[in-house]
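Pasting run.tsv here (TSV, C-alpha atoms):
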chain	number	residue	atom	x	y	z
A	1	MET	CA	-0.55	28.39	20.55
A	2	PRO	CA	0.73	29.88	17.32
A	3	ASN	CA	4.09	28.25	17.70
A	4	LYS	CA	2.69	24.77	17.37
A	5	LEU	CA	0.93	25.70	14.16
A	6	VAL	CA	4.20	26.87	12.68
A	7	TYR	CA	5.70	23.45	13.30
A	8	LYS	CA	2.67	21.76	11.83
A	9	LYS	CA	3.02	23.62	8.56
A	10	MET	CA	6.75	23.23	8.32
A	11	PRO	CA	8.17	21.13	5.49
A	12	LEU	CA	9.69	17.86	6.59
A	13	GLU	CA	13.26	18.78	5.81
A	14	GLU	CA	13.15	21.98	7.80
A	15	LEU	CA	11.57	20.13	10.68
A	16	VAL	CA	14.43	17.63	10.61
A	17	ILE	CA	17.03	20.40	10.68
A	18	ILE	CA	15.41	22.14	13.63
A	19	SER	CA	14.94	18.87	15.48
A	20	GLN	CA	18.64	18.24	15.11
A	21	LYS	CA	19.24	21.44	17.06
A	22	ASN	CA	17.56	19.90	20.10
A	23	ASP	CA	14.25	21.64	19.53
A	24	TYR	CA	11.90	19.29	21.35
A	25	LYS	CA	8.75	20.78	19.89
A	26	ALA	CA	10.03	20.15	16.40
A	27	LEU	CA	10.99	16.63	17.36
A	28	GLU	CA	7.54	16.07	18.80
A	29	GLU	CA	5.95	17.17	15.55
A	30	LEU	CA	8.33	14.99	13.58
A	31	ILE	CA	7.37	11.96	15.64
A	32	LYS	CA	3.70	12.78	15.24
A	33	ARG	CA	4.11	13.03	11.51
A	34	GLU	CA	5.97	9.79	11.06
A	35	GLN	CA	4.42	7.50	13.64
A	36	LYS	CA	1.33	6.60	11.63
A	37	ASN	CA	3.42	5.76	8.62
A	38	ILE	CA	5.76	3.61	10.63
A	39	PHE	CA	2.93	1.87	12.42
A	40	ALA	CA	1.20	1.10	9.14
A	41	THR	CA	4.48	-0.09	7.63
A	42	PHE	CA	5.04	-2.58	10.42
A	43	ALA	CA	1.39	-3.61	10.23
A	44	TYR	CA	2.04	-4.88	6.71
A	45	LEU	CA	5.60	-6.06	7.20
A	46	SER	CA	5.24	-8.01	10.40
A	47	LYS	CA	3.28	-11.22	10.39
A	48	ARG	CA	2.59	-11.10	14.09
A	49	GLY	CA	0.30	-8.28	15.10
A	50	GLU	CA	1.39	-8.02	18.72
A	51	ASN	CA	4.82	-6.67	17.83
A	52	ILE	CA	3.67	-3.71	15.77
A	53	ALA	CA	3.39	-1.23	18.64
A	54	ASP	CA	6.74	-2.28	20.13
A	55	LEU	CA	8.48	-2.06	16.79
A	56	THR	CA	6.97	1.35	16.09
A	57	GLN	CA	8.08	2.66	19.44
A	58	GLU	CA	11.57	1.29	18.99
A	59	ALA	CA	11.87	2.77	15.49
A	60	LEU	CA	10.75	6.19	16.71
A	61	MET	CA	13.12	5.95	19.64
A	62	ARG	CA	16.03	5.17	17.33
A	63	MET	CA	14.96	8.01	15.08
A	64	ALA	CA	14.84	10.49	17.95
A	65	ARG	CA	18.17	9.33	19.34
A	66	GLY	CA	20.01	9.07	16.05
A	67	LEU	CA	18.71	12.22	14.44
A	68	ALA	CA	21.68	14.27	15.58
A	69	HIS	CA	24.01	11.98	13.61
A	70	LEU	CA	22.09	12.30	10.35
A	71	LYS	CA	24.39	14.34	8.13
A	72	ASN	CA	22.16	15.19	5.22
A	73	PRO	CA	18.58	16.10	6.20
A	74	LYS	CA	17.48	15.44	2.62
A	75	THR	CA	18.08	11.75	3.15
A	76	PHE	CA	15.86	11.65	6.22
A	77	LYS	CA	13.21	9.45	4.62
A	78	SER	CA	15.58	6.78	3.43
A	79	TRP	CA	17.52	6.99	6.67
A	80	LEU	CA	14.34	6.48	8.69
A	81	ASN	CA	13.28	3.59	6.52
A	82	GLN	CA	16.66	2.03	6.93
A	83	ILE	CA	15.93	2.00	10.65
A	84	VAL	CA	12.55	0.44	9.97
A	85	THR	CA	14.02	-2.17	7.63
A	86	ASN	CA	16.81	-3.08	10.02
A	87	LEU	CA	14.37	-3.43	12.89
A	88	PHE	CA	12.20	-5.66	10.77
A	89	TYR	CA	15.11	-7.89	9.82
A	90	ASP	CA	16.21	-8.09	13.47
A	91	GLU	CA	12.70	-9.08	14.42
A	92	LEU	CA	12.62	-11.68	11.69
A	93	ARG	CA	15.83	-13.20	12.92
A	94	LYS	CA	14.58	-13.25	16.48
A	95	SER	CA	11.27	-14.78	15.57
A	96	THR	CA	12.88	-17.75	13.86
A	97	ARG	CA	14.44	-18.68	17.18
A	98	ARG	CA	11.58	-17.83	19.47
A	99	PRO	CA	8.41	-19.87	19.92
A	100	VAL	CA	5.16	-18.18	18.97
A	101	VAL	CA	3.73	-16.13	21.82
A	102	VAL	CA	0.06	-15.44	22.27
A	103	SER	CA	-0.67	-11.84	23.01
A	104	THR	CA	-3.07	-10.71	25.70
A	105	ASP	CA	-4.01	-7.70	23.56
A	106	ASP	CA	-6.94	-9.21	21.80
A	107	ASP	CA	-6.95	-7.86	18.32
A	108	ASN	CA	-10.23	-9.41	17.37
A	109	GLY	CA	-11.94	-8.21	20.50
A	110	GLU	CA	-11.08	-4.66	19.59
A	111	LYS	CA	-12.48	-5.04	16.13
A	112	ALA	CA	-15.73	-6.43	17.48
A	113	TYR	CA	-15.98	-3.40	19.70
A	114	HIS	CA	-15.43	-1.07	16.76
A	115	SER	CA	-18.05	-2.73	14.67
A	116	GLN	CA	-20.69	-2.01	17.27
A	117	ILE	CA	-20.37	1.72	16.81
A	118	PRO	CA	-22.59	2.98	14.03
A	119	ASP	CA	-20.40	4.31	11.27
A	120	SER	CA	-21.94	6.80	8.95
A	121	ARG	CA	-19.09	6.73	6.48
A	122	HIS	CA	-19.58	3.19	5.22
A	123	ARG	CA	-22.69	1.20	4.76
A	124	PRO	CA	-22.43	-2.15	6.56
A	125	MET	CA	-22.15	-4.23	3.42
A	126	GLU	CA	-19.37	-2.07	2.03
A	127	LYS	CA	-17.63	-2.12	5.36
A	128	VAL	CA	-17.70	-5.90	5.56
A	129	LEU	CA	-16.38	-6.14	2.03
A	130	SER	CA	-13.61	-3.64	2.59
A	131	VAL	CA	-12.57	-5.29	5.85
A	132	GLU	CA	-12.44	-8.62	4.05
A	133	LEU	CA	-10.44	-7.12	1.22
A	134	ASP	CA	-8.09	-5.46	3.68
A	135	LYS	CA	-7.40	-8.75	5.38
A	136	LEU	CA	-6.76	-10.38	2.06
A	137	ILE	CA	-4.38	-7.63	0.96
A	138	LYS	CA	-2.49	-7.93	4.22
A	139	THR	CA	-2.20	-11.69	3.86
A	140	GLU	CA	-1.09	-11.43	0.26
A	141	ILE	CA	1.59	-8.87	1.14
A	142	GLN	CA	2.77	-10.90	4.10
A	143	ASN	CA	3.04	-13.96	1.91
A	144	LEU	CA	5.49	-12.19	-0.38
A	145	PRO	CA	9.19	-12.98	0.10
A	146	GLU	CA	10.54	-10.44	2.57
A	147	HIS	CA	12.71	-8.50	0.10
A	148	PHE	CA	9.73	-8.02	-2.18
A	149	ARG	CA	7.53	-7.12	0.74
A	150	ILE	CA	9.86	-4.40	1.97
A	151	ALA	CA	10.37	-2.96	-1.50
A	152	ILE	CA	6.69	-2.70	-2.36
A	153	ILE	CA	5.77	-1.28	1.05
A	154	LEU	CA	8.48	1.35	1.01
A	155	ARG	CA	7.30	2.32	-2.44
A	156	GLU	CA	3.53	2.29	-2.02
A	157	LEU	CA	3.13	3.09	1.64
A	158	GLN	CA	6.11	5.30	2.37
A	159	GLY	CA	6.23	6.77	-1.12
A	160	LEU	CA	9.99	6.45	-1.48
A	161	SER	CA	11.71	6.67	-4.85
A	162	TYR	CA	13.62	3.64	-6.18
A	163	GLU	CA	16.85	5.39	-5.32
A	164	GLU	CA	15.76	5.94	-1.72
A	165	ILE	CA	14.60	2.35	-1.42
A	166	ALA	CA	17.95	1.18	-2.73
A	167	VAL	CA	19.69	3.20	0.00
A	168	ALA	CA	17.32	2.02	2.74
A	169	THR	CA	17.63	-1.65	1.81
A	170	GLN	CA	21.29	-1.44	0.78
A	171	THR	CA	20.88	-2.69	-2.78
A	172	ASN	CA	20.92	-1.05	-6.20
A	173	VAL	CA	18.14	0.59	-8.20
A	174	GLY	CA	17.94	-2.25	-10.72
A	175	THR	CA	17.26	-4.78	-7.99
A	176	VAL	CA	14.64	-2.52	-6.44
A	177	LYS	CA	12.93	-2.13	-9.80
A	178	SER	CA	12.68	-5.85	-10.39
A	179	ARG	CA	11.62	-6.60	-6.82
A	180	ILE	CA	8.78	-4.10	-7.01
A	181	ALA	CA	7.68	-5.35	-10.41
A	182	ARG	CA	7.63	-8.95	-9.24
A	183	ALA	CA	5.86	-8.04	-6.01
A	184	ARG	CA	3.17	-6.30	-8.05
A	185	PHE	CA	2.69	-9.25	-10.37
A	186	LYS	CA	2.36	-11.57	-7.42
A	187	LEU	CA	-0.14	-9.29	-5.71
A	188	GLN	CA	-2.06	-8.86	-8.93
A	189	ASP	CA	-2.32	-12.59	-9.24
A	190	GLY	CA	-3.43	-13.05	-5.65
A	191	LEU	CA	-6.01	-10.28	-5.78
A	192	LYS	CA	-7.21	-10.80	-9.33
A	193	HIS	CA	-10.81	-11.39	-8.30
A	194	TYR	CA	-10.96	-8.11	-6.44
A	195	ILE	CA	-9.27	-5.56	-8.65
B	196	MET	CA	-60.24	-17.12	-25.51
B	197	THR	CA	-58.22	-16.46	-28.62
B	198	VAL	CA	-57.34	-13.05	-29.95
B	199	ASN	CA	-56.31	-12.61	-33.53
B	200	LEU	CA	-53.42	-10.17	-33.67
B	201	THR	CA	-52.86	-7.94	-36.67
B	202	CYS	CA	-49.61	-8.03	-38.62
B	203	ASN	CA	-48.65	-4.64	-37.18
B	204	GLN	CA	-49.16	-5.84	-33.63
B	205	VAL	CA	-47.13	-8.98	-34.27
B	206	GLY	CA	-44.38	-6.89	-35.87
B	207	ALA	CA	-44.11	-4.82	-32.73
B	208	LEU	CA	-43.96	-7.91	-30.52
B	209	LEU	CA	-41.61	-9.92	-32.72
B	210	SER	CA	-38.29	-9.04	-31.18
B	211	PHE	CA	-39.66	-9.65	-27.66
B	212	TYR	CA	-40.99	-12.96	-28.90
B	213	LEU	CA	-37.57	-13.85	-30.21
B	214	ASP	CA	-35.96	-13.05	-26.88
B	215	ASP	CA	-38.68	-15.04	-25.12
B	216	ARG	CA	-39.76	-12.09	-23.05
B	217	LEU	CA	-43.53	-12.28	-23.60
B	218	ASN	CA	-45.95	-13.81	-21.16
B	219	GLU	CA	-47.32	-17.25	-21.95
B	220	GLN	CA	-50.65	-16.01	-23.35
B	221	LEU	CA	-49.18	-13.37	-25.63
B	222	LYS	CA	-46.62	-15.87	-26.81
B	223	GLN	CA	-49.41	-18.22	-27.87
B	224	PHE	CA	-51.16	-15.44	-29.78
B	225	VAL	CA	-48.01	-14.47	-31.65
B	226	LYS	CA	-47.24	-18.11	-32.41
B	227	ALA	CA	-50.79	-18.61	-33.71
B	228	HIS	CA	-50.38	-15.61	-36.00
B	229	LEU	CA	-47.01	-16.77	-37.29
B	230	ASP	CA	-48.50	-20.15	-38.16
B	231	ILE	CA	-51.04	-18.61	-40.48
B	232	CYS	CA	-49.26	-15.47	-41.81
B	233	ALA	CA	-46.41	-16.18	-44.26
B	234	ALA	CA	-45.26	-12.54	-44.40
B	235	CYS	CA	-44.81	-12.29	-40.67
B	236	ARG	CA	-43.15	-15.69	-40.57
B	237	SER	CA	-40.51	-14.67	-43.09
B	238	LYS	CA	-39.96	-11.46	-41.12
B	239	TYR	CA	-39.47	-13.56	-37.99
B	240	GLU	CA	-37.03	-15.90	-39.70
B	241	ALA	CA	-35.00	-12.98	-41.03
B	242	LEU	CA	-34.79	-11.51	-37.57
B	243	GLN	CA	-33.75	-14.86	-36.15
B	244	ARG	CA	-30.94	-15.17	-38.70
B	245	MET	CA	-29.72	-11.68	-37.99
B	246	VAL	CA	-29.53	-12.26	-34.25
B	247	SER	CA	-27.72	-15.57	-34.60
B	248	ASN	CA	-25.24	-13.96	-37.00
B	249	LEU	CA	-24.58	-11.19	-34.49
B	250	LYS	CA	-24.03	-13.72	-31.75
B	251	GLU	CA	-21.54	-15.57	-33.88
B	252	VAL	CA	-19.62	-12.40	-34.68
B	253	HIS	CA	-19.59	-11.43	-31.03
B	254	GLU	CA	-18.21	-14.82	-30.03
B	255	LYS	CA	-15.52	-14.58	-32.67
B	256	ILE	CA	-14.45	-11.14	-31.47
B	257	SER	CA	-14.29	-12.14	-27.84
B	258	SER	CA	-12.33	-15.29	-28.68
B	259	ILE	CA	-9.83	-13.16	-30.59
B	260	THR	CA	-9.35	-10.71	-27.75
B	261	THR	CA	-8.95	-13.43	-25.11
B	262	GLU	CA	-6.51	-15.56	-27.04
B	263	GLU	CA	-4.04	-12.88	-27.95
B	264	ASP	CA	-1.32	-15.18	-26.79
B	265	PRO	CA	0.91	-14.79	-29.83
B	266	GLN	CA	1.03	-11.08	-29.00
B	267	ALA	CA	1.72	-11.80	-25.37
B	268	THR	CA	4.91	-13.67	-26.20
B	269	THR	CA	6.53	-11.02	-28.40
B	270	THR	CA	9.68	-9.37	-27.11
B	271	HIS	CA	7.94	-5.99	-27.27
B	272	TYR	CA	5.31	-7.24	-24.92
B	273	LYS	CA	7.90	-8.75	-22.60
B	274	ASP	CA	9.77	-5.44	-22.48
B	275	PHE	CA	6.53	-3.70	-21.76
B	276	LYS	CA	5.75	-6.09	-18.92
B	277	THR	CA	9.14	-5.64	-17.26
B	278	ASN	CA	8.93	-1.86	-17.42
B	279	LEU	CA	5.26	-1.46	-16.61
B	280	SER	CA	5.70	-1.35	-12.86
B	281	ALA	CA	8.48	1.22	-13.05
B	282	TYR	CA	6.37	3.19	-15.53
B	283	ILE	CA	3.53	3.74	-13.08
B	284	ASP	CA	6.09	4.75	-10.45
B	285	ASN	CA	7.47	7.30	-12.87
B	286	GLU	CA	10.93	5.78	-12.60
B	287	LEU	CA	11.74	5.35	-16.30
B	288	THR	CA	13.78	7.52	-18.62
B	289	ASP	CA	11.89	9.77	-21.05
B	290	GLU	CA	12.69	7.45	-23.91
B	291	GLU	CA	11.36	4.40	-22.09
B	292	ASN	CA	8.26	6.33	-21.07
B	293	ILE	CA	7.43	7.19	-24.65
B	294	LYS	CA	7.95	3.59	-25.70
B	295	ILE	CA	5.43	2.40	-23.13
B	296	LYS	CA	2.93	5.09	-24.05
B	297	LYS	CA	3.10	4.21	-27.73
B	298	TYR	CA	2.79	0.52	-27.04
B	299	VAL	CA	-0.25	1.03	-24.83
B	300	ILE	CA	-2.01	3.08	-27.49
B	301	SER	CA	-1.56	0.41	-30.15
B	302	ASN	CA	-2.11	-2.68	-28.04
B	303	PRO	CA	-5.39	-3.41	-26.23
B	304	LEU	CA	-3.85	-6.17	-24.13
B	305	ALA	CA	-1.19	-3.77	-22.87
B	306	ARG	CA	-3.86	-1.24	-22.10
B	307	LYS	CA	-5.68	-3.80	-20.01
B	308	ASP	CA	-2.47	-4.60	-18.13
B	309	LEU	CA	-1.82	-0.95	-17.45
B	310	GLU	CA	-5.34	-0.42	-16.16
B	311	SER	CA	-5.14	-3.39	-13.86
B	312	MET	CA	-1.77	-2.16	-12.59
B	313	TYR	CA	-3.28	1.20	-11.73
B	314	SER	CA	-6.21	-0.44	-10.09
B	315	LEU	CA	-3.86	-2.55	-7.95
B	316	LYS	CA	-2.02	0.60	-6.94
B	317	LYS	CA	-5.28	2.23	-5.96
B	318	THR	CA	-6.45	-0.78	-3.97
B	319	LEU	CA	-3.19	-0.95	-2.05
B	320	HIS	CA	-3.24	2.76	-1.48
B	321	ASN	CA	-6.74	2.63	0.02
B	322	SER	CA	-5.77	-0.22	2.26
B	323	PHE	CA	-2.62	1.57	3.45
B	324	GLU	CA	-4.57	4.75	4.08
B	325	LYS	CA	-6.85	2.80	6.34
B	326	ALA	CA	-3.94	1.24	8.22
B	327	ARG	CA	-2.50	4.71	8.73
B	328	HIS	CA	-5.85	5.89	9.99
B	329	ASP	CA	-6.03	2.96	12.40
B	330	ALA	CA	-2.77	3.96	14.05
B	331	LYS	CA	-4.19	5.96	16.91
B	332	TYR	CA	-1.55	5.83	19.63
B	333	ASP	CA	0.65	8.89	20.04
B	334	TYR	CA	4.22	7.96	20.91
B	335	SER	CA	5.66	11.48	20.90
B	336	LYS	CA	5.28	12.31	24.61
B	337	PHE	CA	6.61	8.95	25.72
B	338	ILE	CA	9.67	9.14	23.51
B	339	LEU	CA	10.49	12.72	24.41
B	340	LYS	CA	10.24	11.77	28.06
B	341	ARG	CA	12.57	8.83	27.63
B	342	ILE	CA	15.10	10.93	25.77
B	343	ASP	CA	14.82	13.60	28.42
B	344	ILE	CA	15.54	11.12	31.19
B	345	GLN	CA	18.51	9.78	29.32
B	346	GLU	CA	19.87	13.20	28.75
B	347	GLU	CA	19.46	14.02	32.41
B	348	VAL	CA	21.42	10.91	33.25
B	349	TYR	CA	24.08	11.93	30.78
B	350	GLY	CA	24.03	15.43	32.26
B	351	GLN	CA	24.58	14.07	35.74
B	352	ASP	CA	27.25	11.82	34.39
B	353	SER	CA	29.29	14.64	32.96
B	354	PHE	CA	28.80	16.72	36.10
B	355	ILE	CA	30.15	13.87	38.19
B	356	LYS	CA	33.05	13.47	35.78
B	357	VAL	CA	33.99	17.14	36.09
B	358	ILE	CA	33.86	16.95	39.88
B	359	ALA	CA	35.93	13.78	39.83
B	360	ILE	CA	38.57	15.48	37.69
B	361	PHE	CA	38.63	18.41	40.07
B	362	VAL	CA	38.96	16.15	43.07
B	363	PHE	CA	41.71	14.23	41.33
B	364	LEU	CA	43.59	17.39	40.40
B	365	PHE	CA	43.15	18.72	43.91
B	366	ALA	CA	44.47	15.48	45.34
B	367	VAL	CA	47.51	15.49	43.03
B	368	PHE	CA	48.09	19.10	43.93
B	369	THR	CA	47.96	18.56	47.66
B	370	ILE	CA	50.11	15.45	47.45
B	371	GLY	CA	52.59	17.43	45.34
B	372	ALA	CA	52.50	20.29	47.82
B	373	VAL	CA	52.99	17.91	50.73
B	374	ILE	CA	55.93	16.23	49.00
B	375	ILE	CA	57.51	19.60	48.20
B	376	PHE	CA	56.88	20.71	51.75
B	377	TRP	CA	58.50	17.51	53.03
B	378	LEU	CA	61.61	18.06	50.97
Whole structure, structure tokens version:
Amino acid sequence: MPNKLVYKKMPLEELVIISQKNDYKALEELIKREQKNIFATFAYLSKRGENIADLTQEALMRMARGLAHLKNPKTFKSWLNQIVTNLFYDELRKSTRRPVVVSTDDDNGEKAYHSQIPDSRHRPMEKVLSVELDKLIKTEIQNLPEHFRIAIILRELQGLSYEEIAVATQTNVGTVKSRIARARFKLQDGLKHYI
Amino acid sequence: MTVNLTCNQVGALLSFYLDDRLNEQLKQFVKAHLDICAACRSKYEALQRMVSNLKEVHEKISSITTEEDPQATTTHYKDFKTNLSAYIDNELTDEENIKIKKYVISNPLARKDLESMYSLKKTLHNSFEKARHDAKYDYSKFILKRIDIQEEVYGQDSFIKVIAIFVFLFAVFTIGAVIIFWL
């Protein structure tokens, strides 16, 4: 279908504008484009793995519903990340009140299943090392204070500018700058044997 | 069995002998030659001195580069450290950028910091890429469906509202007509 390809190649801003005009195909493409980012963001933000899918779905839902009210399509990225940040803070607040739940979705079981499939891209030793390193990075990021965590993730994972991060987290650029710098120093310290 | 080595042969083996990289037998032969040949012995001693001097120099250099603490406490260095993170994000003014660049060129410690900052960025980036890749579930259909259902509900809602208004108006009208008719 040629139409679909057009959407795929469309720049983000244009896609946002068309989606705002109730074009469902554009909205579909927009969701497809952002969902991986959002999922990955929550994967590093949230300490409890079982919530990631729910949070991602909720963020995308809020995006799809609220898109019509977004006035300036240029600010889409920071607007979207404001949704993500707010959801994360809500979740944080909830989780301080709620006892820890054990998920039936067995994360480890899935990984074991994956590791049984021969993977031509990585040699086993490299794979083990990179999985270990990944775990360590995740733990180090999750051990950061939450303001630092959000700032560094919005910067490195979502690729936002300091200005956009300031808007999304409702602070100023100076604060963002120092939070990111301190987050980096902390990570550098925690990962010093690996980088 | 003993083999008497010539001075030339010993000369060729000398540096290996010094590094203790010869096999036991060859080592014995060289040692035997050194015991009897003064010329080769003095050559060996000179070589030994040179190597130990080099080692000393090397240790001195590495101790200097690792204990650059006085440099690390200067205000220049502190400024550099605070701006480094923003520098790699390209979030500094032109003037600040140039300052950092100049400082990095003249200061090996700063260069090391910059490199390790970049390497951190790369490590994080790789890890994030993988997390993105791991996100396999497609939410788009589900969300569009949910929005669609909601909009249908809204649609029905407004339809009902319009009908209700009509019914209300009709009722007011008829009541009015009845009252007028009564009078």
(message) One number please: atom CA of A:Ala166 to atom CA of A:Ala40, in Å, one decimal.
(response) 20.5 Å
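Excluding A:Thr75 itself and any same-chain residue fewer than 6 positions from it, the protein and nucleic acid residues within 10 Å of it, counting only C-alpha atoms, are Glu13, Glu164, Val167 and Ala168 of chain A.
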Listing only residues of chain A within 7 Å of chain B, what is the closest atom pair and its distance in Å (to one decimal) for each, using only C-alpha atoms, sorted by chain and residue number ascending, as a tab-separated table?
residue	atom	partner	partner_atom	distance
A:Glu28	CA	B:Ser335	CA	5.4
A:Ile31	CA	B:Ser335	CA	5.6
A:Lys32	CA	B:Ser335	CA	6.1
A:Lys36	CA	B:Arg327	CA	5.2
A:Asn37	CA	B:Arg327	CA	6.0
A:Phe39	CA	B:Ala330	CA	6.3
A:Ala40	CA	B:Arg327	CA	5.2
A:Gln57	CA	B:Tyr334	CA	6.7
A:Met61	CA	B:Ile338	CA	6.1
A:Asp134	CA	B:Ser322	CA	5.9
A:Glu156	CA	B:His320	CA	6.8
A:Leu157	CA	B:Phe323	CA	6.2
A:Lys177	CA	B:Ala281	CA	6.4
A:Ala181	CA	B:Ser280	CA	5.1
A:Gln188	CA	B:Leu315	CA	6.6
A:Ile195	CA	B:Ser314	CA	6.1
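Pairwise distance (atom CA of A:Ile165, atom CA of A:Leu70) equals 17.1 Å.
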(message) Tell me which residues come within 10 Å of (8.0, 9.2, 9.1), as a ChimeraX atom specification, counting all atoms listed in the file in the file's coordinates.
(response) /A:12,30-39,59-60,63,76-78,80-81,84,158
(request) Take atom CA of A:Asp90 and atom CA of A:Leu45 and report the distance between them in Å, one decimal. (result)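 One can read the atom CA of A:Asp90 to atom CA of A:Leu45 distance as 12.5 Å.
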(message) Around (1.5, -0.9, -24.9), as given in the file, which residues come within 10 Å? Count all atoms listed in the file and list them as an NGL selection string.
(response) :B and (271-272 or 274-276 or 279 or 294-309)
(request) Counting only C-alpha atoms, figure out which residue out of A:Ile137, A:Leu144, A:Ala68, A:Ile150 gets nearest to A:Phe88. (result) A:Ile150
